[in-house]
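Structure file final-v5.tsv (TSV, C-alpha atoms) follows.
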chain	number	residue	atom	x	y	z
A	1	MET	CA	-5.22	52.08	-20.46
A	2	ASN	CA	-8.23	49.91	-19.56
A	3	LEU	CA	-8.92	46.37	-20.59
A	4	GLY	CA	-11.51	46.77	-23.35
A	5	THR	CA	-11.31	43.48	-25.23
A	6	PRO	CA	-10.57	40.03	-23.81
A	7	LEU	CA	-6.93	39.38	-23.11
A	8	SER	CA	-5.62	36.63	-25.39
A	9	VAL	CA	-3.39	33.97	-23.83
A	10	VAL	CA	-2.01	30.92	-25.61
A	11	CYS	CA	-1.33	27.94	-23.35
A	12	VAL	CA	1.29	25.42	-24.48
A	13	GLN	CA	0.54	22.01	-22.96
A	14	ILE	CA	2.83	19.17	-23.99
A	15	ALA	CA	4.29	17.06	-21.19
A	16	ASN	CA	2.02	14.67	-19.28
A	17	GLY	CA	-1.03	15.39	-21.39
A	18	TYR	CA	-4.17	16.40	-19.50
A	19	SER	CA	-2.05	17.01	-16.44
A	20	PRO	CA	-2.76	18.59	-13.06
A	21	GLU	CA	-0.89	21.65	-14.36
A	22	PHE	CA	-3.28	21.95	-17.28
A	23	ARG	CA	-6.34	21.49	-15.07
A	24	VAL	CA	-5.16	24.40	-12.89
A	25	PHE	CA	-4.85	26.63	-15.97
A	26	ASP	CA	-8.21	25.45	-17.24
A	27	ARG	CA	-9.95	26.42	-14.00
A	28	MET	CA	-8.34	29.86	-13.96
A	29	SER	CA	-9.11	30.66	-17.58
A	30	ARG	CA	-12.60	29.12	-17.54
A	31	VAL	CA	-14.00	31.38	-14.83
A	32	SER	CA	-12.69	34.55	-16.50
A	33	HIS	CA	-13.73	33.60	-20.02
A	34	ASP	CA	-15.47	36.98	-20.60
A	35	ALA	CA	-12.27	38.91	-19.93
A	36	LEU	CA	-9.74	36.27	-20.96
A	37	LYS	CA	-9.60	34.48	-24.28
A	38	ALA	CA	-7.62	31.28	-23.90
A	39	THR	CA	-6.28	29.11	-26.69
A	40	VAL	CA	-4.72	25.73	-25.90
A	41	ILE	CA	-2.14	24.02	-28.09
A	42	TYR	CA	-1.57	20.51	-26.80
A	43	ASN	CA	0.38	17.41	-27.72
A	44	ARG	CA	-1.55	14.87	-29.81
A	45	TRP	CA	-0.17	12.11	-31.96
A	46	ASN	CA	-3.46	10.44	-32.88
A	47	GLU	CA	-7.10	10.54	-31.88
A	48	THR	CA	-7.00	7.78	-29.27
A	49	ASP	CA	-3.53	7.61	-27.68
A	50	GLY	CA	-2.50	9.63	-24.67
A	51	ASP	CA	-5.00	12.18	-23.37
A	52	ALA	CA	-6.42	13.21	-26.77
A	53	PRO	CA	-9.94	12.01	-25.83
A	54	ARG	CA	-9.87	14.09	-22.63
A	55	PHE	CA	-8.86	17.22	-24.52
A	56	ALA	CA	-11.57	16.51	-27.11
A	57	ALA	CA	-14.18	16.12	-24.35
A	58	ARG	CA	-13.08	19.41	-22.77
A	59	ALA	CA	-13.24	21.19	-26.13
A	60	ALA	CA	-16.84	20.01	-26.55
A	61	GLN	CA	-18.00	21.72	-23.36
A	62	GLU	CA	-19.90	24.99	-23.42
A	63	THR	CA	-17.10	27.08	-21.91
A	64	GLN	CA	-14.41	25.52	-24.04
A	65	PRO	CA	-11.29	27.35	-25.18
A	66	PRO	CA	-10.20	26.66	-28.75
A	67	MET	CA	-7.92	23.59	-28.64
A	68	HIS	CA	-5.43	22.57	-31.29
A	69	GLY	CA	-3.71	19.20	-31.16
A	70	VAL	CA	-0.21	19.05	-32.62
A	71	ASP	CA	2.29	16.20	-32.54
A	72	PHE	CA	5.19	17.81	-30.69
A	73	GLY	CA	6.99	14.47	-30.50
A	74	TRP	CA	6.69	14.09	-26.73
A	75	ARG	CA	5.71	10.66	-25.41
A	76	SER	CA	5.37	9.26	-21.90
A	77	VAL	CA	8.61	8.31	-20.17
A	78	ALA	CA	9.88	4.92	-21.34
A	79	ALA	CA	12.93	3.38	-19.71
A	80	GLY	CA	15.65	1.81	-21.84
A	81	ARG	CA	14.89	3.58	-25.11
A	82	SER	CA	17.47	3.37	-27.89
A	83	PHE	CA	19.32	6.42	-29.19
A	84	ALA	CA	17.05	6.50	-32.26
A	85	GLN	CA	13.94	6.34	-30.10
A	86	LYS	CA	15.25	9.22	-28.00
A	87	ALA	CA	16.20	11.31	-31.04
A	88	LEU	CA	12.96	10.85	-32.98
A	89	PRO	CA	10.84	13.05	-30.66
A	90	TYR	CA	13.14	16.01	-31.29
A	91	VAL	CA	12.82	15.50	-35.05
A	92	ARG	CA	9.04	15.60	-34.63
A	93	LEU	CA	9.33	18.67	-32.42
A	94	ALA	CA	11.31	20.57	-35.05
A	95	ALA	CA	8.79	19.59	-37.71
A	96	SER	CA	5.88	20.82	-35.56
A	97	LEU	CA	7.14	24.35	-35.00
A	98	PRO	CA	5.86	25.97	-38.24
A	99	THR	CA	2.34	24.64	-37.55
A	100	VAL	CA	2.47	25.77	-33.94
A	101	LEU	CA	3.70	29.22	-34.92
A	102	HIS	CA	0.87	29.54	-37.46
A	103	ARG	CA	-1.78	28.47	-34.94
A	104	THR	CA	-0.42	30.86	-32.35
A	105	ARG	CA	-0.35	33.80	-34.76
A	106	GLN	CA	-4.01	33.15	-35.56
A	107	ALA	CA	-4.85	33.55	-31.86
A	108	LYS	CA	-3.17	36.98	-31.77
A	109	PRO	CA	-1.80	36.36	-28.27
A	110	ASP	CA	-1.05	39.03	-25.72
A	111	VAL	CA	0.75	36.44	-23.55
A	112	ILE	CA	2.33	33.02	-24.06
A	113	TYR	CA	1.81	30.73	-21.06
A	114	SER	CA	3.15	27.35	-20.01
A	115	SER	CA	4.13	25.36	-16.96
A	116	GLN	CA	7.73	24.70	-16.01
A	117	GLN	CA	7.84	21.40	-17.95
A	118	LEU	CA	10.92	21.34	-20.18
A	119	TRP	CA	9.18	20.78	-23.53
A	120	ASP	CA	6.35	23.18	-22.72
A	121	CYS	CA	8.76	25.88	-21.64
A	122	ARG	CA	11.00	25.46	-24.68
A	123	VAL	CA	8.14	25.78	-27.16
A	124	ALA	CA	6.58	28.68	-25.22
A	125	THR	CA	9.93	30.47	-25.24
A	126	PHE	CA	10.24	29.94	-29.00
A	127	LEU	CA	6.76	31.39	-29.58
A	128	ALA	CA	7.24	34.36	-27.24
A	129	LYS	CA	10.51	35.31	-28.89
A	130	ARG	CA	9.25	34.89	-32.44
A	131	LEU	CA	6.04	36.83	-31.81
A	132	ARG	CA	7.64	39.30	-29.40
A	133	VAL	CA	4.99	38.90	-26.72
A	134	PRO	CA	5.45	38.38	-22.96
A	135	GLN	CA	6.01	34.90	-21.55
A	136	VAL	CA	4.54	33.68	-18.25
A	137	ILE	CA	5.72	30.45	-16.60
A	138	HIS	CA	3.54	28.72	-14.02
A	139	LEU	CA	5.86	27.06	-11.50
A	140	HIS	CA	4.31	23.98	-9.89
A	141	TYR	CA	7.55	22.31	-8.74
A	142	HIS	CA	10.24	23.24	-6.30
A	143	VAL	CA	13.38	24.60	-7.93
A	144	GLY	CA	16.33	22.35	-8.64
A	145	LYS	CA	18.36	20.61	-11.32
A	146	TRP	CA	15.38	18.35	-12.15
A	147	LEU	CA	13.82	21.33	-13.94
A	148	HIS	CA	16.74	21.25	-16.41
A	149	GLN	CA	19.03	24.16	-17.17
A	150	PRO	CA	16.99	25.73	-20.02
A	151	VAL	CA	14.00	26.08	-17.67
A	152	LEU	CA	16.13	27.39	-14.81
A	153	ASN	CA	17.58	29.98	-17.17
A	154	ARG	CA	14.18	30.94	-18.52
A	155	LEU	CA	12.70	31.45	-15.07
A	156	LEU	CA	15.22	34.28	-14.72
A	157	ALA	CA	14.50	35.74	-18.17
A	158	CYS	CA	10.75	35.38	-18.73
A	159	ASP	CA	8.35	38.24	-18.05
A	160	HIS	CA	6.59	36.74	-15.04
A	161	VAL	CA	6.47	33.61	-12.86
A	162	VAL	CA	3.27	32.40	-11.20
A	163	THR	CA	3.82	30.09	-8.24
A	164	VAL	CA	1.32	27.69	-6.67
A	165	SER	CA	2.25	28.56	-3.08
A	166	ASP	CA	4.36	31.00	-1.10
A	167	PHE	CA	6.75	28.10	-0.47
A	168	ILE	CA	7.43	27.86	-4.21
A	169	ARG	CA	7.58	31.66	-4.45
A	170	ARG	CA	10.39	31.68	-1.88
A	171	GLU	CA	12.21	29.06	-3.93
A	172	ALA	CA	11.87	31.21	-7.06
A	173	LEU	CA	13.26	34.21	-5.16
A	174	ARG	CA	16.19	32.16	-3.90
A	175	HIS	CA	16.82	31.13	-7.50
A	176	GLY	CA	17.19	34.81	-8.36
A	177	VAL	CA	13.83	35.78	-9.82
A	178	ALA	CA	13.05	39.40	-8.95
A	179	PRO	CA	10.24	39.76	-6.37
A	180	GLU	CA	8.16	41.99	-8.62
A	181	ARG	CA	8.14	39.24	-11.26
A	182	VAL	CA	6.69	36.52	-9.01
A	183	THR	CA	3.04	36.13	-8.00
A	184	THR	CA	1.55	33.41	-5.82
A	185	ILE	CA	-1.85	32.10	-6.87
A	186	LEU	CA	-2.94	29.22	-4.69
A	187	ASN	CA	-4.27	26.25	-6.57
A	188	THR	CA	-7.95	25.44	-6.49
A	189	ALA	CA	-9.65	22.13	-7.13
A	190	ASP	CA	-12.74	21.40	-9.17
A	191	PRO	CA	-15.76	20.79	-6.93
A	192	LEU	CA	-16.01	17.10	-6.12
A	193	THR	CA	-18.77	15.18	-7.80
A	194	LEU	CA	-21.33	14.29	-5.17
A	195	SER	CA	-21.16	10.60	-4.36
A	196	PRO	CA	-24.41	8.63	-4.51
A	197	GLU	CA	-26.20	7.96	-1.25
A	198	GLY	CA	-24.71	4.94	0.45
A	199	SER	CA	-21.28	5.25	-1.18
A	200	ARG	CA	-19.51	5.04	2.18
A	201	GLU	CA	-21.06	1.70	3.00
A	202	ALA	CA	-20.77	0.38	-0.56
A	203	VAL	CA	-17.07	1.20	-0.92
A	204	ARG	CA	-16.23	-0.27	2.47
A	205	ALA	CA	-18.09	-3.46	1.61
A	206	GLU	CA	-16.32	-3.63	-1.76
A	207	LEU	CA	-12.90	-3.26	-0.09
A	208	GLY	CA	-13.69	-5.54	2.84
A	209	VAL	CA	-13.57	-2.79	5.48
A	210	ALA	CA	-15.94	-2.96	8.46
A	211	PRO	CA	-18.54	-0.15	8.65
A	212	ASP	CA	-17.16	1.14	11.97
A	213	ALA	CA	-13.43	0.57	11.37
A	214	PRO	CA	-11.12	3.61	11.41
A	215	PHE	CA	-10.39	3.97	7.69
A	216	TRP	CA	-7.80	6.43	6.38
A	217	GLY	CA	-6.34	6.82	2.94
A	218	ASN	CA	-3.73	8.31	0.68
A	219	ILE	CA	-4.59	9.12	-2.95
A	220	SER	CA	-1.56	10.20	-4.92
A	221	ARG	CA	0.97	8.94	-7.42
A	222	LEU	CA	3.22	6.28	-5.91
A	223	ASP	CA	6.54	8.04	-5.55
A	224	PRO	CA	9.15	8.34	-2.78
A	225	GLU	CA	8.50	12.11	-2.64
A	226	LYS	CA	4.88	11.46	-1.67
A	227	GLY	CA	5.90	9.72	1.55
A	228	GLN	CA	4.16	6.37	1.14
A	229	GLU	CA	7.01	4.58	2.93
A	230	ASP	CA	6.55	6.82	5.96
A	231	ILE	CA	2.80	6.20	5.78
A	232	LEU	CA	3.36	2.45	6.07
A	233	ARG	CA	5.89	2.78	8.90
A	234	ALA	CA	3.57	5.14	10.77
A	235	PHE	CA	0.60	2.86	10.21
A	236	ALA	CA	2.52	-0.09	11.64
A	237	ARG	CA	2.65	1.91	14.89
A	238	VAL	CA	-0.98	3.00	14.65
A	239	VAL	CA	-2.35	-0.55	14.35
A	240	ARG	CA	-0.63	-1.55	17.56
A	241	GLU	CA	-3.05	0.77	19.32
A	242	PHE	CA	-5.95	0.41	16.87
A	243	PRO	CA	-5.76	-3.10	15.36
A	244	GLU	CA	-9.11	-2.63	13.62
A	245	ALA	CA	-7.79	0.36	11.60
A	246	ARG	CA	-7.43	0.05	7.83
A	247	LEU	CA	-5.38	2.00	5.28
A	248	LEU	CA	-6.21	2.64	1.61
A	249	ILE	CA	-3.43	3.57	-0.82
A	250	VAL	CA	-4.62	4.66	-4.25
A	251	GLY	CA	-2.48	5.59	-7.23
A	252	SER	CA	-0.18	4.39	-9.97
A	253	GLU	CA	3.58	4.40	-9.70
A	254	THR	CA	5.37	7.09	-11.66
A	255	PRO	CA	6.98	5.89	-14.92
A	256	TRP	CA	10.44	6.82	-13.65
A	257	LYS	CA	10.01	4.67	-10.54
A	258	PRO	CA	9.08	1.25	-11.96
A	259	GLY	CA	8.57	-1.37	-9.29
A	260	TYR	CA	7.81	1.11	-6.52
A	261	ARG	CA	4.38	-0.36	-5.80
A	262	ALA	CA	5.97	-3.80	-5.40
A	263	HIS	CA	8.50	-2.23	-3.03
A	264	LEU	CA	5.70	-0.76	-0.92
A	265	GLU	CA	3.82	-4.05	-0.86
A	266	THR	CA	7.00	-5.83	0.27
A	267	LEU	CA	7.51	-3.23	3.00
A	268	ALA	CA	3.92	-3.72	4.21
A	269	ALA	CA	4.58	-7.45	4.46
A	270	GLU	CA	7.83	-6.87	6.35
A	271	LEU	CA	5.95	-4.62	8.79
A	272	LYS	CA	3.26	-7.32	9.11
A	273	ILE	CA	0.45	-4.96	8.10
A	274	GLU	CA	-0.30	-6.36	4.66
A	275	ARG	CA	-3.77	-7.49	5.78
A	276	GLN	CA	-4.66	-4.01	7.01
A	277	VAL	CA	-3.39	-2.15	3.92
A	278	ILE	CA	-5.32	-2.03	0.65
A	279	PHE	CA	-3.35	-1.13	-2.49
A	280	ALA	CA	-6.08	-0.16	-4.95
A	281	GLY	CA	-3.95	1.06	-7.86
A	282	PHE	CA	-5.35	3.71	-10.18
A	283	ARG	CA	-9.01	4.54	-9.57
A	284	SER	CA	-11.31	6.91	-11.44
A	285	ASP	CA	-13.91	7.05	-8.65
A	286	VAL	CA	-11.98	9.23	-6.20
A	287	PRO	CA	-15.07	11.02	-4.79
A	288	ARG	CA	-16.59	7.63	-3.85
A	289	LEU	CA	-13.37	6.56	-2.16
A	290	LEU	CA	-13.06	9.81	-0.21
A	291	ALA	CA	-16.65	9.41	0.99
A	292	ALA	CA	-15.69	6.08	2.57
A	293	LEU	CA	-12.72	7.47	4.55
A	294	ASP	CA	-12.46	8.96	8.02
A	295	GLY	CA	-9.31	10.93	7.27
A	296	PHE	CA	-6.52	11.58	4.80
A	297	ILE	CA	-2.79	10.98	5.31
A	298	HIS	CA	-0.39	12.83	2.97
A	299	PRO	CA	3.16	13.23	4.33
A	300	SER	CA	4.83	14.33	1.10
A	301	PHE	CA	8.21	16.03	1.13
A	302	LYS	CA	8.61	19.59	-0.17
A	303	GLU	CA	5.03	19.46	-1.43
A	304	PRO	CA	4.58	22.48	-3.74
A	305	PHE	CA	0.85	22.73	-3.00
A	306	GLY	CA	-1.00	19.43	-2.64
A	307	LEU	CA	-4.03	19.08	-4.91
A	308	ALA	CA	-4.70	15.72	-3.27
A	309	ILE	CA	-5.00	17.51	0.08
A	310	ALA	CA	-7.38	20.06	-1.44
A	311	GLU	CA	-9.65	17.31	-2.77
A	312	ALA	CA	-9.64	15.50	0.57
A	313	ALA	CA	-10.47	18.74	2.36
A	314	GLN	CA	-13.40	19.29	-0.01
A	315	ALA	CA	-14.66	15.87	1.07
A	316	GLY	CA	-14.62	17.06	4.69
A	317	LEU	CA	-11.69	14.92	5.81
A	318	PRO	CA	-9.15	15.87	8.49
A	319	ILE	CA	-5.56	15.83	7.20
A	320	VAL	CA	-2.41	14.41	8.75
A	321	ALA	CA	0.82	15.47	7.03
A	322	TYR	CA	4.30	16.84	7.52
A	323	ALA	CA	4.82	20.54	8.21
A	324	ASP	CA	6.92	20.77	5.07
A	325	GLY	CA	6.79	22.61	1.75
A	326	GLY	CA	3.50	24.28	0.89
A	327	THR	CA	1.38	21.93	3.03
A	328	PRO	CA	1.08	24.37	5.98
A	329	GLU	CA	-0.61	26.81	3.57
A	330	LEU	CA	-3.45	24.30	3.19
A	331	VAL	CA	-3.51	22.48	6.52
A	332	HIS	CA	-3.89	24.64	9.62
A	333	HIS	CA	-2.40	22.66	12.49
A	334	GLY	CA	-4.95	21.93	15.17
A	335	VAL	CA	-7.78	23.37	13.07
A	336	THR	CA	-8.09	21.43	9.80
A	337	GLY	CA	-5.70	18.63	10.67
A	338	LEU	CA	-2.44	17.83	12.41
A	339	LEU	CA	1.06	18.50	11.08
A	340	ALA	CA	4.04	16.50	12.29
A	341	GLU	CA	7.49	18.03	12.20
A	342	LEU	CA	9.62	16.53	9.48
A	343	SER	CA	12.40	15.91	11.99
A	344	ALA	CA	10.04	13.62	13.96
A	345	GLY	CA	9.70	11.33	10.95
A	346	HIS	CA	7.16	8.55	10.83
A	347	THR	CA	7.07	8.43	14.65
A	348	GLY	CA	5.64	11.95	14.83
A	349	LEU	CA	3.31	11.10	11.98
A	350	ALA	CA	2.01	8.06	13.86
A	351	GLU	CA	1.39	10.09	17.02
A	352	ALA	CA	-0.70	12.68	15.15
A	353	TRP	CA	-2.56	9.97	13.27
A	354	ALA	CA	-3.36	7.95	16.40
A	355	ALA	CA	-4.51	11.09	18.20
A	356	LEU	CA	-7.26	11.67	15.61
A	357	ILE	CA	-8.28	8.03	15.39
A	358	GLY	CA	-8.61	8.05	19.17
A	359	ASP	CA	-10.74	11.21	19.13
A	360	PRO	CA	-13.31	10.85	16.32
A	361	GLN	CA	-15.26	13.91	17.43
A	362	THR	CA	-12.22	16.17	17.04
A	363	ALA	CA	-11.39	14.49	13.73
A	364	ARG	CA	-14.88	15.21	12.38
A	365	ARG	CA	-14.70	18.81	13.58
A	366	MET	CA	-11.37	19.27	11.78
A	367	GLY	CA	-12.85	17.71	8.65
A	368	ARG	CA	-15.69	20.22	8.66
A	369	ALA	CA	-13.19	23.05	9.15
A	370	ALA	CA	-11.07	21.72	6.28
A	371	LYS	CA	-14.08	21.78	3.95
A	372	THR	CA	-14.95	25.33	4.99
A	373	CYS	CA	-11.37	26.49	4.46
A	374	ILE	CA	-10.88	24.96	1.02
A	375	THR	CA	-14.17	26.39	-0.27
A	376	SER	CA	-13.47	29.94	0.95
A	377	GLY	CA	-11.17	32.90	0.38
A	378	ALA	CA	-8.12	32.41	-1.82
A	379	PHE	CA	-9.10	28.80	-2.59
A	380	VAL	CA	-12.27	29.85	-4.43
A	381	PRO	CA	-11.81	29.36	-8.21
A	382	GLN	CA	-13.20	32.84	-8.90
A	383	PHE	CA	-10.56	34.37	-6.64
A	384	ALA	CA	-7.72	32.47	-8.32
A	385	SER	CA	-9.10	33.29	-11.75
A	386	HIS	CA	-9.27	37.01	-11.02
A	387	SER	CA	-5.76	36.95	-9.54
A	388	PHE	CA	-4.53	35.27	-12.72
A	389	LEU	CA	-6.25	37.87	-14.89
A	390	GLN	CA	-4.80	40.70	-12.80
A	391	THR	CA	-1.33	39.19	-13.12
A	392	LEU	CA	-1.58	38.91	-16.90
A	393	CYS	CA	-2.86	42.47	-17.11
A	394	ARG	CA	0.16	43.70	-15.15
A	395	VAL	CA	2.42	41.79	-17.52
A	396	VAL	CA	0.91	43.44	-20.61
A	397	ARG	CA	0.39	46.74	-18.75
A	398	VAL	CA	-3.34	47.16	-18.96
A	399	SER	CA	-5.77	47.86	-16.11
A	400	PRO	CA	-8.07	44.96	-15.16
A	401	ALA	CA	-11.60	45.35	-13.86
A	402	PRO	CA	-11.87	45.37	-10.05
A	403	LEU	CA	-12.50	42.12	-8.23
A	404	ALA	CA	-16.17	41.51	-7.56
A	405	ALA	CA	-17.08	42.46	-4.02
A	406	SER	CA	-18.64	39.04	-3.34
A	407	VAL	CA	-15.28	37.39	-4.00
A	408	ALA	CA	-13.00	40.08	-2.60
A	409	THR	CA	-14.72	40.11	0.78
A	410	GLN	CA	-15.07	36.35	1.13
A	411	LYS	CA	-13.33	35.16	4.29
A	412	VAL	CA	-12.41	31.80	5.70
A	413	THR	CA	-14.54	31.09	8.75
A	414	LEU	CA	-13.40	28.20	10.90
When written as structure tokens, how does the structure in this file appear?
Amino acid sequence: MNLGTPLSVVCVQIANGYSPEFRVFDRMSRVSHDALKATVIYNRWNETDGDAPRFAARAAQETQPPMHGVDFGWRSVAAGRSFAQKALPYVRLAASLPTVLHRTRQAKPDVIYSSQQLWDCRVATFLAKRLRVPQVIHLHYHVGKWLHQPVLNRLLACDHVVTVSDFIRREALRHGVAPERVTTILNTADPLTLSPEGSREAVRAELGVAPDAPFWGNISRLDPEKGQEDILRAFARVVREFPEARLLIVGSETPWKPGYRAHLETLAAELKIERQVIFAGFRSDVPRLLAALDGFIHPSFKEPFGLAIAEAAQAGLPIVAYADGGTPELVHHGVTGLLAELSAGHTGLAEAWAALIGDPQTARRMGRAAKTCITSGAFVPQFASHSFLQTLCRVVRVSPAPLAASVATQKVTL
């Protein structure tokens, strides 16, 4: 059987709003819009709170999928909630299900899709079972108890699991998912908005960084898993050799780690590097910030993929990170950056970092290679989109069109 009409997939997006997980789905479904009809059902409790405006803006674009906002009851994490406050979301969730089921039936789905987020997965499972259509779960996290037992169980029972890296695929296999039911599709990142001419100088002046100072950064959520403590400890070693170096840390702390930014600022003071470290908080001008940097430091632990690394590579920055998780699938040691062994800790990180600061020519060459790599081969959005379409076609047992030769033959040249 050949694929004659567009394949219909309903995406359930509840937790974390307009999240990185949703943006990955959006890129994959957007490129294949002629062969794939996507419908998004997302969490919305009014027109202004949460990410409702971002979903509305996306729905207004030319290549929009139909988007339906429903109050599923989910809200951002809030510490110290009362029992009533914790119970109310589930009351709202139960009340939302008839509307969600009606909206989904209207889309006539061939596949129900969601990420591994607990609420998303639960609702997607409900829809798949009620409508008797296949369920696909996109696994962005490494596997463990933090996924919650219903999700762990469903990974074993759903029709297919898409993983964001081979590292996560191996975790799914260790969990017991059959190999033929797991497909790796490497994440891609939206092309960076070109920064205006002079952004490098303007940003440095704004942040008080000298035009010729070695300037590296980390742009990520502030969380122990992202390795910001190791960044600070490594930087304390780096500035002994390069006292003019500066470090930019951008991002908000995760809701479940309140006070973590203050902890990092205290650590910087204890290490006596508080004058060389800039904590910028949340910023919406990431392309401008990347244009001002000489390199990117991202030593996260068990990183599933690393969208932050992909964005930095697009900006032509060399990467320093740990050889852990899915990071080695993005950063080629000695070619697009340097990877320190996790066992070497922040000492190994500092050595790699100092080596690139001390050799700007090599650092720039690695940055160019990183940009070439992340804009080629499996990292091209068209490639990921076609892989996604092929995967869904296998799930529903139809034959997809062949991959366009221009994409299939594209190679990474370093």
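The protein and nucleic acid residues lying at most 6 Å from Gly227 of chain A are A:Pro224, A:Asp230, A:Pro299, A:Ser300, with only C-alpha atoms considered and sequence neighbours fewer than 3 positions away removed.
Between atom CA of Gln314 of chain A and atom CA of Gly367 of chain A there is a distance of 8.8 Å.
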Please give the centre and size of the box around segment 150-161 of chain A (axis-aligned, containing every atom listed in the file, 4 Å added per side), with values in Å to one decimal and written as AutoDock Vina command-line options.
--center_x 12.0 --center_y 32.0 --center_z -16.4 --size_x 19.1 --size_y 20.5 --size_z 15.2
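Pairwise distance (atom CA of Gln61 of chain A, atom CA of Ser29 of chain A) equals 13.9 Å.
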I need the residue nearest Ile319 of chain A from this list: A:Pro381, A:Gly144, A:Pro304, A:Gly217. Use only C-alpha atoms for the distance. A:Gly217
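If you measure from each of A:Arg44, A:His333, A:Arg288, A:Arg397 to Ser96 of chain A using all atoms listed in the file, the closest one turns out to be A:Arg44.
Going from atom CA of Gly208 of chain A over to atom CA of Arg240 of chain A, you cover 20.1 Å.
The closest residue to Lys129 of chain A, picked from A:Ile357, A:Arg27, A:Val111, A:Lys302 and counting only C-alpha atoms, is A:Val111.
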Select, from A:Leu290, A:Leu131, A:Leu139, A:Met28, the residue with the minimum atom-to-atom distance to Val161 of chain A, counting all atoms listed in the file. A:Leu139
List as a ChimeraX atom specification the protein and nucleic acid residues near Val320 of chain A, meaning an atom at most 10 Å away when all atoms listed in the file are counted, but skip any in the same chain fewer than 2 places from it. /A:216,295-299,309,317-318,322-323,331,333,336-340,349-350,352-353,356
Repair of segment 12-28 of chain A at the level of N, CA and C atoms, as a tab-separated table (two decimals), keeping the file's coordinate frame:
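Output file selection21.tsv is given in full below:
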chain	number	residue	atom	x	y	z
A	12	VAL	N	0.58	26.55	-23.87
A	12	VAL	CA	1.29	25.42	-24.48
A	12	VAL	C	1.29	24.26	-23.48
A	13	GLN	N	0.66	23.15	-23.85
A	13	GLN	CA	0.54	22.01	-22.96
A	13	GLN	C	1.03	20.75	-23.67
A	14	ILE	N	2.22	20.30	-23.30
A	14	ILE	CA	2.83	19.17	-23.99
A	14	ILE	C	3.05	17.99	-23.03
A	15	ALA	N	3.91	18.17	-22.06
A	15	ALA	CA	4.29	17.06	-21.19
A	15	ALA	C	3.12	16.60	-20.31
A	16	ASN	N	2.99	15.30	-20.18
A	16	ASN	CA	2.02	14.67	-19.28
A	16	ASN	C	0.57	14.90	-19.67
A	17	GLY	N	0.33	15.35	-20.89
A	17	GLY	CA	-1.03	15.39	-21.39
A	17	GLY	C	-1.97	16.27	-20.57
A	18	TYR	N	-3.14	15.69	-20.26
A	18	TYR	CA	-4.17	16.40	-19.50
A	18	TYR	C	-3.78	16.37	-18.03
A	19	SER	N	-2.76	17.11	-17.72
A	19	SER	CA	-2.05	17.01	-16.44
A	19	SER	C	-2.70	17.88	-15.37
A	20	PRO	N	-2.30	17.68	-14.10
A	20	PRO	CA	-2.76	18.59	-13.06
A	20	PRO	C	-2.42	20.05	-13.37
A	21	GLU	N	-1.25	20.28	-13.99
A	21	GLU	CA	-0.89	21.65	-14.36
A	21	GLU	C	-1.91	22.24	-15.33
A	22	PHE	N	-2.30	21.43	-16.32
A	22	PHE	CA	-3.28	21.95	-17.28
A	22	PHE	C	-4.63	22.20	-16.61
A	23	ARG	N	-5.04	21.32	-15.71
A	23	ARG	CA	-6.34	21.49	-15.07
A	23	ARG	C	-6.36	22.77	-14.23
A	24	VAL	N	-5.23	23.14	-13.64
A	24	VAL	CA	-5.16	24.40	-12.89
A	24	VAL	C	-5.36	25.58	-13.85
A	25	PHE	N	-4.66	25.56	-14.99
A	25	PHE	CA	-4.85	26.63	-15.97
A	25	PHE	C	-6.29	26.67	-16.47
A	26	ASP	N	-6.86	25.52	-16.72
A	26	ASP	CA	-8.21	25.45	-17.24
A	26	ASP	C	-9.21	26.09	-16.28
A	27	ARG	N	-9.04	25.81	-14.98
A	27	ARG	CA	-9.95	26.42	-14.00
A	27	ARG	C	-9.80	27.94	-13.98
A	28	MET	N	-8.57	28.41	-14.02
A	28	MET	CA	-8.34	29.86	-13.96
A	28	MET	C	-8.88	30.57	-15.19
